[in-house]
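*Asks:* Have a peek at upload_32.pdb (PDB, C-alpha atoms, pLDDT in the B column).
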```pdb
ATOM      1  CA  MET J   1      64.617 103.931 135.885  1.00 86.00           C
ATOM      2  CA  ASP J   2      66.873 105.502 133.259  1.00 83.00           C
ATOM      3  CA  VAL J   3      67.506 102.680 130.784  1.00 77.00           C
ATOM      4  CA  LYS J   4      70.118 104.844 129.040  1.00 76.00           C
ATOM      5  CA  ALA J   5      72.476 103.725 131.815  1.00 84.00           C
ATOM      6  CA  PHE J   6      72.607 100.298 130.151  1.00 78.00           C
ATOM      7  CA  ARG J   7      74.148 101.877 127.062  1.00 74.00           C
ATOM      8  CA  LYS J   8      77.232 102.739 129.105  1.00 80.00           C
ATOM      9  CA  LEU J   9      78.025  99.025 129.411  1.00 82.00           C
ATOM     10  CA  THR J  10      80.605  97.871 126.875  1.00 85.00           C
ATOM     11  CA  TYR J  11      80.216  95.004 124.406  1.00 90.00           C
ATOM     12  CA  GLY J  12      81.798  93.678 121.249  1.00 92.00           C
ATOM     13  CA  LEU J  13      80.044  92.482 118.096  1.00 94.00           C
ATOM     14  CA  TYR J  14      80.387  88.873 116.977  1.00 97.00           C
ATOM     15  CA  ILE J  15      78.967  86.236 114.679  1.00 98.00           C
ATOM     16  CA  VAL J  16      78.088  83.109 116.662  1.00 98.00           C
ATOM     17  CA  THR J  17      77.659  79.950 114.580  1.00 98.00           C
ATOM     18  CA  SER J  18      76.723  76.351 115.275  1.00 98.00           C
ATOM     19  CA  ARG J  19      75.909  73.084 113.557  1.00 97.00           C
ATOM     20  CA  SER J  20      73.698  70.125 114.395  1.00 96.00           C
ATOM     21  CA  GLY J  21      73.834  67.278 111.895  1.00 95.00           C
ATOM     22  CA  ASP J  22      73.456  68.795 108.427  1.00 94.00           C
ATOM     23  CA  ARG J  23      71.901  72.014 109.734  1.00 96.00           C
ATOM     24  CA  ARG J  24      74.022  75.072 110.308  1.00 97.00           C
ATOM     25  CA  ASN J  25      73.294  78.666 111.178  1.00 97.00           C
ATOM     26  CA  GLY J  26      74.764  81.810 112.649  1.00 97.00           C
ATOM     27  CA  GLN J  27      73.678  85.076 114.198  1.00 97.00           C
ATOM     28  CA  ILE J  28      74.977  88.379 115.495  1.00 95.00           C
ATOM     29  CA  ALA J  29      75.582  88.487 119.242  1.00 95.00           C
ATOM     30  CA  ASN J  30      77.100  91.065 121.535  1.00 93.00           C
ATOM     31  CA  THR J  31      76.525  89.500 124.965  1.00 93.00           C
ATOM     32  CA  LEU J  32      79.617  87.306 125.010  1.00 96.00           C
ATOM     33  CA  PHE J  33      82.501  87.379 127.455  1.00 95.00           C
ATOM     34  CA  GLN J  34      85.290  85.358 129.066  1.00 96.00           C
ATOM     35  CA  VAL J  35      84.537  84.126 132.591  1.00 96.00           C
ATOM     36  CA  THR J  36      87.576  82.004 133.563  1.00 96.00           C
ATOM     37  CA  SER J  37      91.150  81.575 132.383  1.00 95.00           C
ATOM     38  CA  ASP J  38      91.956  78.080 133.665  1.00 95.00           C
ATOM     39  CA  PRO J  39      90.218  76.411 132.037  1.00 95.00           C
ATOM     40  CA  LEU J  40      89.380  78.985 129.381  1.00 97.00           C
ATOM     41  CA  ARG J  41      85.624  79.454 129.488  1.00 98.00           C
ATOM     42  CA  ILE J  42      83.306  81.920 127.778  1.00 98.00           C
ATOM     43  CA  VAL J  43      79.587  82.674 128.061  1.00 98.00           C
ATOM     44  CA  VAL J  44      77.192  83.686 125.294  1.00 98.00           C
ATOM     45  CA  SER J  45      73.545  84.720 125.618  1.00 97.00           C
ATOM     46  CA  ILE J  46      71.242  83.466 122.834  1.00 97.00           C
ATOM     47  CA  ASN J  47      67.501  84.009 122.394  1.00 96.00           C
ATOM     48  CA  LYS J  48      65.534  80.779 122.713  1.00 97.00           C
ATOM     49  CA  GLU J  49      63.500  81.531 119.569  1.00 95.00           C
ATOM     50  CA  ASN J  50      66.568  81.700 117.337  1.00 96.00           C
ATOM     51  CA  LEU J  51      67.639  78.781 115.154  1.00 97.00           C
ATOM     52  CA  THR J  52      71.201  79.193 116.406  1.00 97.00           C
ATOM     53  CA  HIS J  53      69.937  78.526 119.937  1.00 98.00           C
ATOM     54  CA  GLN J  54      68.356  75.270 118.779  1.00 98.00           C
ATOM     55  CA  LEU J  55      71.552  74.112 117.102  1.00 98.00           C
ATOM     56  CA  ILE J  56      73.784  74.959 120.075  1.00 98.00           C
ATOM     57  CA  TYR J  57      71.333  73.240 122.419  1.00 98.00           C
ATOM     58  CA  GLU J  58      71.348  70.103 120.286  1.00 98.00           C
ATOM     59  CA  SER J  59      75.057  69.882 119.441  1.00 98.00           C
ATOM     60  CA  GLY J  60      76.670  71.532 122.451  1.00 98.00           C
ATOM     61  CA  VAL J  61      79.194  73.419 120.291  1.00 98.00           C
ATOM     62  CA  PHE J  62      79.536  76.876 118.793  1.00 98.00           C
ATOM     63  CA  ALA J  63      82.093  79.163 117.165  1.00 98.00           C
ATOM     64  CA  VAL J  64      82.604  82.902 117.525  1.00 98.00           C
ATOM     65  CA  SER J  65      83.998  85.273 114.873  1.00 98.00           C
ATOM     66  CA  VAL J  66      85.250  88.648 116.121  1.00 97.00           C
ATOM     67  CA  LEU J  67      84.183  91.333 113.626  1.00 97.00           C
ATOM     68  CA  ASP J  68      86.293  94.318 112.581  1.00 96.00           C
ATOM     69  CA  VAL J  69      85.193  97.957 112.393  1.00 94.00           C
ATOM     70  CA  ASP J  70      84.946  97.797 108.594  1.00 93.00           C
ATOM     71  CA  THR J  71      82.312  95.052 108.611  1.00 93.00           C
ATOM     72  CA  PRO J  72      79.604  96.161 106.141  1.00 89.00           C
ATOM     73  CA  MET J  73      76.053  96.590 107.385  1.00 86.00           C
ATOM     74  CA  THR J  74      74.917  94.069 104.767  1.00 86.00           C
ATOM     75  CA  LEU J  75      76.851  91.313 106.557  1.00 91.00           C
ATOM     76  CA  ILE J  76      75.566  92.409 109.959  1.00 90.00           C
ATOM     77  CA  GLY J  77      72.038  92.603 108.540  1.00 88.00           C
ATOM     78  CA  THR J  78      72.204  89.080 107.122  1.00 90.00           C
ATOM     79  CA  PHE J  79      73.260  87.541 110.424  1.00 94.00           C
ATOM     80  CA  GLY J  80      71.387  89.955 112.692  1.00 90.00           C
ATOM     81  CA  PHE J  81      68.052  90.710 111.071  1.00 84.00           C
ATOM     82  CA  LYS J  82      67.272  87.650 108.942  1.00 86.00           C
ATOM     83  CA  SER J  83      66.327  84.115 109.926  1.00 89.00           C
ATOM     84  CA  GLY J  84      68.269  81.022 108.962  1.00 92.00           C
ATOM     85  CA  ARG J  85      64.903  79.279 108.704  1.00 92.00           C
ATOM     86  CA  ASP J  86      64.202  81.419 105.627  1.00 90.00           C
ATOM     87  CA  ILE J  87      67.594  81.850 103.941  1.00 91.00           C
ATOM     88  CA  ASP J  88      71.066  80.329 103.785  1.00 94.00           C
ATOM     89  CA  LYS J  89      73.064  82.958 105.637  1.00 94.00           C
ATOM     90  CA  PHE J  90      76.343  81.435 104.483  1.00 96.00           C
ATOM     91  CA  GLU J  91      75.742  81.923 100.763  1.00 92.00           C
ATOM     92  CA  ASN J  92      78.723  83.778  99.270  1.00 90.00           C
ATOM     93  CA  ILE J  93      80.431  83.862 102.684  1.00 94.00           C
ATOM     94  CA  SER J  94      84.034  82.706 103.180  1.00 96.00           C
ATOM     95  CA  LEU J  95      84.030  79.852 105.707  1.00 96.00           C
ATOM     96  CA  LYS J  96      86.227  77.208 107.235  1.00 95.00           C
ATOM     97  CA  GLU J  97      85.116  74.146 109.173  1.00 95.00           C
ATOM     98  CA  GLY J  98      86.360  74.258 112.710  1.00 96.00           C
ATOM     99  CA  LYS J  99      87.475  71.464 114.997  1.00 96.00           C
ATOM    100  CA  THR J 100      83.962  71.217 116.397  1.00 96.00           C
ATOM    101  CA  GLY J 101      82.427  71.022 112.931  1.00 96.00           C
ATOM    102  CA  CYS J 102      80.971  74.512 113.261  1.00 97.00           C
ATOM    103  CA  PRO J 103      81.178  76.850 110.264  1.00 97.00           C
ATOM    104  CA  VAL J 104      83.626  79.642 111.079  1.00 98.00           C
ATOM    105  CA  VAL J 105      83.009  82.945 109.277  1.00 97.00           C
ATOM    106  CA  GLN J 106      86.216  84.392 107.826  1.00 96.00           C
ATOM    107  CA  ASP J 107      84.876  87.561 106.176  1.00 96.00           C
ATOM    108  CA  HIS J 108      85.772  90.653 108.230  1.00 96.00           C
ATOM    109  CA  SER J 109      86.866  88.434 111.120  1.00 97.00           C
ATOM    110  CA  LEU J 110      89.916  89.333 113.176  1.00 98.00           C
ATOM    111  CA  ALA J 111      89.897  86.120 115.187  1.00 98.00           C
ATOM    112  CA  PHE J 112      87.722  83.168 116.068  1.00 98.00           C
ATOM    113  CA  LEU J 113      87.047  80.921 119.048  1.00 98.00           C
ATOM    114  CA  GLU J 114      85.450  77.492 119.196  1.00 98.00           C
ATOM    115  CA  ALA J 115      83.847  76.135 122.312  1.00 98.00           C
ATOM    116  CA  LYS J 116      82.028  73.146 123.799  1.00 98.00           C
ATOM    117  CA  VAL J 117      79.131  73.802 126.136  1.00 98.00           C
ATOM    118  CA  THR J 118      79.721  72.708 129.731  1.00 98.00           C
ATOM    119  CA  ASP J 119      76.611  74.203 131.341  1.00 98.00           C
ATOM    120  CA  ARG J 120      73.426  76.081 130.510  1.00 98.00           C
ATOM    121  CA  VAL J 121      71.545  78.701 132.526  1.00 98.00           C
ATOM    122  CA  ASP J 122      67.916  79.529 131.705  1.00 98.00           C
ATOM    123  CA  VAL J 123      67.356  83.279 132.064  1.00 97.00           C
ATOM    124  CA  GLY J 124      63.847  83.512 130.629  1.00 96.00           C
ATOM    125  CA  THR J 125      63.868  84.663 127.005  1.00 95.00           C
ATOM    126  CA  HIS J 126      67.530  83.641 126.640  1.00 97.00           C
ATOM    127  CA  THR J 127      69.888  80.834 127.563  1.00 98.00           C
ATOM    128  CA  LEU J 128      73.386  81.475 128.836  1.00 98.00           C
ATOM    129  CA  PHE J 129      75.661  78.875 127.268  1.00 98.00           C
ATOM    130  CA  ILE J 130      78.790  78.408 129.391  1.00 98.00           C
ATOM    131  CA  ALA J 131      81.468  76.754 127.283  1.00 98.00           C
ATOM    132  CA  GLU J 132      85.103  75.682 127.371  1.00 98.00           C
ATOM    133  CA  VAL J 133      87.234  77.048 124.516  1.00 98.00           C
ATOM    134  CA  VAL J 134      88.789  74.224 122.470  1.00 98.00           C
ATOM    135  CA  ASP J 135      90.405  76.279 119.711  1.00 97.00           C
ATOM    136  CA  ALA J 136      91.246  79.909 118.933  1.00 97.00           C
ATOM    137  CA  GLU J 137      93.180  81.742 116.259  1.00 97.00           C
ATOM    138  CA  VAL J 138      94.031  85.314 115.289  1.00 97.00           C
ATOM    139  CA  LEU J 139      93.302  85.689 111.578  1.00 96.00           C
ATOM    140  CA  ARG J 140      94.682  89.183 111.055  1.00 95.00           C
ATOM    141  CA  GLU J 141      95.390  92.429 112.851  1.00 96.00           C
ATOM    142  CA  GLY J 142      92.816  95.176 113.036  1.00 96.00           C
ATOM    143  CA  GLU J 143      90.404  97.004 115.301  1.00 96.00           C
ATOM    144  CA  PRO J 144      87.467  94.974 116.652  1.00 96.00           C
ATOM    145  CA  MET J 145      84.038  96.521 116.352  1.00 93.00           C
ATOM    146  CA  THR J 146      82.385  97.529 119.603  1.00 90.00           C
ATOM    147  CA  TYR J 147      78.652  97.667 120.117  1.00 86.00           C
ATOM    148  CA  ALA J 148      78.948 101.416 120.708  1.00 85.00           C
ATOM    149  CA  TYR J 149      80.720 101.863 117.352  1.00 83.00           C
ATOM    150  CA  TYR J 150      77.995  99.831 115.643  1.00 84.00           C
ATOM    151  CA  HIS J 151      75.355 102.167 117.048  1.00 78.00           C
ATOM    152  CA  GLN J 152      77.092 105.537 116.990  1.00 77.00           C
ATOM    153  CA  VAL J 153      79.162 105.313 113.798  1.00 75.00           C
ATOM    154  CA  LYS J 154      77.462 102.647 111.670  1.00 73.00           C
ATOM    155  CA  GLY J 155      73.954 103.746 112.697  1.00 70.00           C
ATOM    156  CA  GLY J 156      72.980 100.172 113.576  1.00 71.00           C
ATOM    157  CA  LYS J 157      69.900  99.104 115.509  1.00 70.00           C
ATOM    158  CA  THR J 158      69.280  96.321 118.016  1.00 75.00           C
ATOM    159  CA  PRO J 159      67.087  93.359 117.007  1.00 70.00           C
ATOM    160  CA  LYS J 160      64.121  92.808 119.331  1.00 70.00           C
ATOM    161  CA  LYS J 161      65.397  89.331 120.218  1.00 72.00           C
ATOM    162  CA  ALA J 162      68.798  90.610 121.326  1.00 76.00           C
ATOM    163  CA  ALA J 163      69.678  90.400 125.014  1.00 72.00           C
ATOM    164  CA  THR J 164      70.423  94.146 125.071  1.00 73.00           C
ATOM    165  CA  TYR J 165      67.304  95.362 123.224  1.00 71.00           C
ATOM    166  CA  LEU J 166      65.695  98.358 124.943  1.00 70.00           C
ATOM    167  CA  GLU J 167      62.082  99.325 124.336  1.00 65.00           C
ATOM    168  CA  GLU J 168      63.122 102.958 124.314  1.00 53.00           C
ATOM    169  CA  GLU J 169      64.911 102.416 121.009  1.00 50.00           C
ATOM    170  CA  LYS J 170      61.511 102.604 119.317  1.00 47.00           C
ATOM    171  CA  GLU J 171      61.449 106.295 120.120  1.00 44.00           C
ATOM    172  CA  LYS J 172      63.285 108.222 117.430  1.00 44.00           C
ATOM    173  CA  ASP J 173      64.489 111.790 117.569  1.00 43.00           C
ATOM    174  CA  ARG J 174      62.507 113.973 115.226  1.00 41.00           C
ATOM    175  CA  GLY J 175      63.466 116.746 112.869  1.00 42.00           C
ATOM    176  CA  LYS J 176      67.211 116.202 112.706  1.00 48.00           C
ATOM    177  CA  GLY J 177      67.431 116.226 108.940  1.00 45.00           C
ATOM    178  CA  GLY J 178      68.357 119.909 108.940  1.00 50.00           C
ATOM    179  CA  ILE J 179      69.289 121.619 105.690  1.00 51.00           C
ATOM    180  CA  LEU J 180      70.223 118.298 104.086  1.00 60.00           C
ATOM    181  CA  GLY J 181      66.715 116.916 104.396  1.00 75.00           C
ATOM    182  CA  ASP J 182      64.753 114.522 106.548  1.00 89.00           C
ATOM    183  CA  ARG J 183      65.827 111.201 107.980  1.00 91.00           C
ATOM    184  CA  TYR J 184      63.985 108.054 106.976  1.00 93.00           C
ATOM    185  CA  GLU J 185      63.399 104.881 108.970  1.00 89.00           C
ATOM    186  CA  CYS J 186      63.195 101.342 107.573  1.00 89.00           C
ATOM    187  CA  LYS J 187      59.851  99.795 108.541  1.00 83.00           C
ATOM    188  CA  VAL J 188      61.390  96.321 108.467  1.00 79.00           C
ATOM    189  CA  CYS J 189      64.443  96.580 110.736  1.00 81.00           C
ATOM    190  CA  GLY J 190      64.450 100.135 112.154  1.00 80.00           C
ATOM    191  CA  TYR J 191      67.598 101.348 110.361  1.00 85.00           C
ATOM    192  CA  VAL J 192      67.573 105.131 109.972  1.00 87.00           C
ATOM    193  CA  TYR J 193      69.016 106.750 106.854  1.00 91.00           C
ATOM    194  CA  ASP J 194      70.590 110.048 107.881  1.00 89.00           C
ATOM    195  CA  PRO J 195      71.614 112.357 105.009  1.00 92.00           C
ATOM    196  CA  VAL J 196      74.309 113.838 107.241  1.00 88.00           C
ATOM    197  CA  VAL J 197      76.014 110.425 107.301  1.00 85.00           C
ATOM    198  CA  GLY J 198      75.050 108.868 103.947  1.00 90.00           C
ATOM    199  CA  ASP J 199      75.745 105.177 103.328  1.00 89.00           C
ATOM    200  CA  SER J 200      79.438 104.445 102.940  1.00 83.00           C
ATOM    201  CA  ASP J 201      78.873 100.728 102.287  1.00 80.00           C
ATOM    202  CA  ALA J 202      76.843 101.611  99.174  1.00 87.00           C
ATOM    203  CA  LYS J 203      79.238 104.458  98.273  1.00 89.00           C
ATOM    204  CA  VAL J 204      76.541 107.065  98.965  1.00 92.00           C
ATOM    205  CA  PRO J 205      78.434 110.159 100.179  1.00 92.00           C
ATOM    206  CA  ALA J 206      77.477 112.173 103.231  1.00 89.00           C
ATOM    207  CA  GLY J 207      75.165 115.011 102.249  1.00 91.00           C
ATOM    208  CA  THR J 208      72.927 112.895  99.988  1.00 94.00           C
ATOM    209  CA  ALA J 209      69.230 113.451 100.707  1.00 93.00           C
ATOM    210  CA  PHE J 210      66.987 110.401 100.843  1.00 94.00           C
ATOM    211  CA  VAL J 211      65.045 111.562  97.783  1.00 93.00           C
ATOM    212  CA  ASP J 212      68.301 111.672  95.827  1.00 94.00           C
ATOM    213  CA  LEU J 213      69.287 108.072  96.587  1.00 95.00           C
ATOM    214  CA  PRO J 214      69.456 105.805  93.509  1.00 94.00           C
ATOM    215  CA  PRO J 215      66.157 103.998  92.751  1.00 92.00           C
ATOM    216  CA  ASP J 216      67.806 100.626  93.347  1.00 94.00           C
ATOM    217  CA  TRP J 217      69.250 101.621  96.741  1.00 95.00           C
ATOM    218  CA  VAL J 218      68.215  99.264  99.544  1.00 92.00           C
ATOM    219  CA  CYS J 219      68.447  99.253 103.304  1.00 91.00           C
ATOM    220  CA  PRO J 220      72.035  98.332 104.185  1.00 86.00           C
ATOM    221  CA  VAL J 221      70.843  96.208 107.109  1.00 83.00           C
ATOM    222  CA  CYS J 222      67.916  94.141 105.848  1.00 83.00           C
ATOM    223  CA  GLY J 223      67.775  94.841 102.096  1.00 84.00           C
ATOM    224  CA  ALA J 224      64.358  96.539 102.124  1.00 87.00           C
ATOM    225  CA  SER J 225      63.608  98.854  99.179  1.00 91.00           C
ATOM    226  CA  LYS J 226      63.158 102.630  99.439  1.00 94.00           C
ATOM    227  CA  ASP J 227      59.380 102.343  99.524  1.00 93.00           C
ATOM    228  CA  GLN J 228      59.718 100.507 102.839  1.00 91.00           C
ATOM    229  CA  PHE J 229      61.019 103.685 104.504  1.00 94.00           C
ATOM    230  CA  ASP J 230      59.017 106.338 106.375  1.00 92.00           C
ATOM    231  CA  LYS J 231      60.072 109.899 107.082  1.00 92.00           C
ATOM    232  CA  ILE J 232      60.684 110.519 110.797  1.00 86.00           C
TER     233      ILE J 232
END
```
Go through the file and emit its structure as structure tokens.
*Replies:*
Amino acid sequence: MDVKAFRKLTYGLYIVTSRSGDRRNGQIANTLFQVTSDPLRIVVSINKENLTHQLIYESGVFAVSVLDVDTPMTLIGTFGFKSGRDIDKFENISLKEGKTGCPVVQDHSLAFLEAKVTDRVDVGTHTLFIAEVVDAEVLREGEPMTYAYYHQVKGGKTPKKAATYLEEEKEKDRGKGGILGDRYECKVCGYVYDPVVGDSDAKVPAGTAFVDLPPDWVCPVCGASKDQFDKI
């Protein structure tokens, strides 16, 4: 089977948040879609091992922030590659409390939805939370980020716990550094620094070789230092 066929499916990129009592958390999700219009219902797929799953399961509510194309990799890395059991993901993040009590991320968000779970479907590693939308608002105009844009333009990777993770993503193309130098892969999250692209979030221009990156440069996804990178 050619698993590359799955990459032709289209997705967005969102931050899904929830709260249960005093605990709150959020994560990146792309498997989210509308399933009915009357009533308005959406479905999101969340890995059972994630803290966000636990909070949604307990409280029965969640919020969704629709990210724009300019969302920095640092924000995606915080919510996509780090655990809320280890850090407060909302530190220095602009939030509002929604009608459900969920924290709603405002930074780089074009719109948000809030929903109450009406049903759950166990699909093995993940749970599909079917929920009725109780509030929604457009925050500003802009272009929403697609999953394809995240991969092809931002150079993002898929966390192993994501519903759309493919084992094949472990296999990296070799020798594409060309005259600008080699590419380097983060051993922590799999992000690949490509000198052809650079790192716009850190104001590193295209054409900058890995060896010429500033000593204090870190992985834009997970924050790992340069010594956590291997040449590929």
*Asks:* Name the closest residue to Val69 of chain J among the candidates J:Ser37, J:Thr100, J:Thr118, J:Thr146; distances are taken between atoms, counting all atoms listed in the file.
*Replies:*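 Going through J:Ser37, J:Thr100, J:Thr118, J:Thr146 one by one, the smallest distance to Val69 of chain J is for J:Thr146.
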*Asks:* Could you work out an axis-aligned box for segment 209-215 of chain J, taking every atom the file lists and adding 5 Å on each side, and report centre and edge lengths in Å to one decimal, as JSON?
*Replies:*
```
{"center_x": 67.3, "center_y": 108.7, "center_z": 96.8, "size_x": 14.4, "size_y": 19.5, "size_z": 18.1}
```
*Asks:* Going by the chain IDs and residue numbers used in this file, which residues fall under the PyMOL selection byres ((chain J and resi 103) around 12)? Write them as a PDB file with C-alpha atoms, in the frame of the given file.
*Replies:*
```
ATOM      1  CA  ILE J  15      78.967  86.236 114.679  1.00 98.00           C
ATOM      2  CA  VAL J  16      78.088  83.109 116.662  1.00 98.00           C
ATOM      3  CA  THR J  17      77.659  79.950 114.580  1.00 98.00           C
ATOM      4  CA  SER J  18      76.723  76.351 115.275  1.00 98.00           C
ATOM      5  CA  ARG J  19      75.909  73.084 113.557  1.00 97.00           C
ATOM      6  CA  SER J  20      73.698  70.125 114.395  1.00 96.00           C
ATOM      7  CA  ASP J  22      73.456  68.795 108.427  1.00 94.00           C
ATOM      8  CA  ARG J  23      71.901  72.014 109.734  1.00 96.00           C
ATOM      9  CA  ARG J  24      74.022  75.072 110.308  1.00 97.00           C
ATOM     10  CA  ASN J  25      73.294  78.666 111.178  1.00 97.00           C
ATOM     11  CA  GLY J  26      74.764  81.810 112.649  1.00 97.00           C
ATOM     12  CA  GLN J  27      73.678  85.076 114.198  1.00 97.00           C
ATOM     13  CA  THR J  52      71.201  79.193 116.406  1.00 97.00           C
ATOM     14  CA  VAL J  61      79.194  73.419 120.291  1.00 98.00           C
ATOM     15  CA  PHE J  62      79.536  76.876 118.793  1.00 98.00           C
ATOM     16  CA  ALA J  63      82.093  79.163 117.165  1.00 98.00           C
ATOM     17  CA  VAL J  64      82.604  82.902 117.525  1.00 98.00           C
ATOM     18  CA  SER J  65      83.998  85.273 114.873  1.00 98.00           C
ATOM     19  CA  LYS J  89      73.064  82.958 105.637  1.00 94.00           C
ATOM     20  CA  PHE J  90      76.343  81.435 104.483  1.00 96.00           C
ATOM     21  CA  ILE J  93      80.431  83.862 102.684  1.00 94.00           C
ATOM     22  CA  SER J  94      84.034  82.706 103.180  1.00 96.00           C
ATOM     23  CA  LEU J  95      84.030  79.852 105.707  1.00 96.00           C
ATOM     24  CA  LYS J  96      86.227  77.208 107.235  1.00 95.00           C
ATOM     25  CA  GLU J  97      85.116  74.146 109.173  1.00 95.00           C
ATOM     26  CA  GLY J  98      86.360  74.258 112.710  1.00 96.00           C
ATOM     27  CA  LYS J  99      87.475  71.464 114.997  1.00 96.00           C
ATOM     28  CA  THR J 100      83.962  71.217 116.397  1.00 96.00           C
ATOM     29  CA  GLY J 101      82.427  71.022 112.931  1.00 96.00           C
ATOM     30  CA  CYS J 102      80.971  74.512 113.261  1.00 97.00           C
ATOM     31  CA  VAL J 104      83.626  79.642 111.079  1.00 98.00           C
ATOM     32  CA  VAL J 105      83.009  82.945 109.277  1.00 97.00           C
ATOM     33  CA  GLN J 106      86.216  84.392 107.826  1.00 96.00           C
ATOM     34  CA  PHE J 112      87.722  83.168 116.068  1.00 98.00           C
ATOM     35  CA  LEU J 113      87.047  80.921 119.048  1.00 98.00           C
ATOM     36  CA  GLU J 114      85.450  77.492 119.196  1.00 98.00           C
TER      37      GLU J 114
END
```
*Asks:* Run the PyMOL selection byres ((chain J and resi 196) around 7) mentally over the shown coordinates, then write out the matched residues as a list in words, using the chain letters and numbers from the document.
*Replies:*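 The output of the PyMOL selection byres ((chain J and resi 196) around 7) on this file is Leu180, Asp194, Pro195, Val197, Gly198, Ala206 and Gly207 of chain J.
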*Asks:* Tell me, as an MDAnalysis selection string, which residues lie within 6 Å of Lys116 of chain J, counting only C-alpha atoms; anything in the same chain fewer than 2 positions away does not count.
*Replies:* chainID J and resid 60:61 131:132
*Asks:* Run the PyMOL selection byres ((chain J and resi 130) around 12) against the file shown and list the residues it catches, as a PDB file with C-alpha atoms, in the coordinates of the input.
*Replies:*
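Result file part_37.pdb:
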```
ATOM      1  CA  LEU J  32      79.617  87.306 125.010  1.00 96.00           C
ATOM      2  CA  PHE J  33      82.501  87.379 127.455  1.00 95.00           C
ATOM      3  CA  GLN J  34      85.290  85.358 129.066  1.00 96.00           C
ATOM      4  CA  VAL J  35      84.537  84.126 132.591  1.00 96.00           C
ATOM      5  CA  THR J  36      87.576  82.004 133.563  1.00 96.00           C
ATOM      6  CA  PRO J  39      90.218  76.411 132.037  1.00 95.00           C
ATOM      7  CA  LEU J  40      89.380  78.985 129.381  1.00 97.00           C
ATOM      8  CA  ARG J  41      85.624  79.454 129.488  1.00 98.00           C
ATOM      9  CA  ILE J  42      83.306  81.920 127.778  1.00 98.00           C
ATOM     10  CA  VAL J  43      79.587  82.674 128.061  1.00 98.00           C
ATOM     11  CA  VAL J  44      77.192  83.686 125.294  1.00 98.00           C
ATOM     12  CA  SER J  45      73.545  84.720 125.618  1.00 97.00           C
ATOM     13  CA  ILE J  46      71.242  83.466 122.834  1.00 97.00           C
ATOM     14  CA  ILE J  56      73.784  74.959 120.075  1.00 98.00           C
ATOM     15  CA  TYR J  57      71.333  73.240 122.419  1.00 98.00           C
ATOM     16  CA  GLY J  60      76.670  71.532 122.451  1.00 98.00           C
ATOM     17  CA  VAL J  61      79.194  73.419 120.291  1.00 98.00           C
ATOM     18  CA  PHE J  62      79.536  76.876 118.793  1.00 98.00           C
ATOM     19  CA  ALA J 115      83.847  76.135 122.312  1.00 98.00           C
ATOM     20  CA  LYS J 116      82.028  73.146 123.799  1.00 98.00           C
ATOM     21  CA  VAL J 117      79.131  73.802 126.136  1.00 98.00           C
ATOM     22  CA  THR J 118      79.721  72.708 129.731  1.00 98.00           C
ATOM     23  CA  ASP J 119      76.611  74.203 131.341  1.00 98.00           C
ATOM     24  CA  ARG J 120      73.426  76.081 130.510  1.00 98.00           C
ATOM     25  CA  VAL J 121      71.545  78.701 132.526  1.00 98.00           C
ATOM     26  CA  ASP J 122      67.916  79.529 131.705  1.00 98.00           C
ATOM     27  CA  THR J 127      69.888  80.834 127.563  1.00 98.00           C
ATOM     28  CA  LEU J 128      73.386  81.475 128.836  1.00 98.00           C
ATOM     29  CA  PHE J 129      75.661  78.875 127.268  1.00 98.00           C
ATOM     30  CA  ALA J 131      81.468  76.754 127.283  1.00 98.00           C
ATOM     31  CA  GLU J 132      85.103  75.682 127.371  1.00 98.00           C
ATOM     32  CA  VAL J 133      87.234  77.048 124.516  1.00 98.00           C
TER      33      VAL J 133
END
```
*Asks:* Could you state the separation of atom CA of Phe79 of chain J and atom CA of Ile28 of chain J in Å, given to one decimal place?
*Replies:* 5.4 Å
*Asks:* In Å, how far is it from atom CA of Pro144 of chain J to atom CA of Asp2 of chain J?
*Replies:*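 Here the two named atoms are 28.5 Å from each other.
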*Asks:* When you look at segment 152-168 of chain J with a cut-off of 9 Å (counting all atoms listed in the file), what residues show up, excluding the ones that are within fewer than 2 positions of it in the same chain? I need them as JSON, numbers by chain.
*Replies:* {"J": [3, 4, 6, 7, 28, 29, 30, 31, 45, 46, 47, 48, 49, 50, 72, 73, 76, 80, 81, 125, 126, 147, 148, 149, 150, 170, 171, 172, 189, 190, 191, 192, 193, 194, 197, 199, 221]}
*Asks:* Counting all atoms listed in the file, which of J:Gly142, J:Val123, J:Glu91, J:Gly77 gets nearest to His108 of chain J?
*Replies:*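 Between J:Gly142, J:Val123, J:Glu91, J:Gly77, the residue approaching His108 of chain J most closely is J:Gly142.
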*Asks:* Rounded to one decimal, what separation in Å do you get between atom CA of Glu185 of chain J and atom CA of Thr71 of chain J?
*Replies:* 21.3 Å
*Asks:* Using all atoms listed in the file, which of J:Cys222, J:Ile232, J:Ile87, J:Leu213 sits nearest Leu51 of chain J?
*Replies:*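 Of all the options, J:Ile87 lies closest to Leu51 of chain J.
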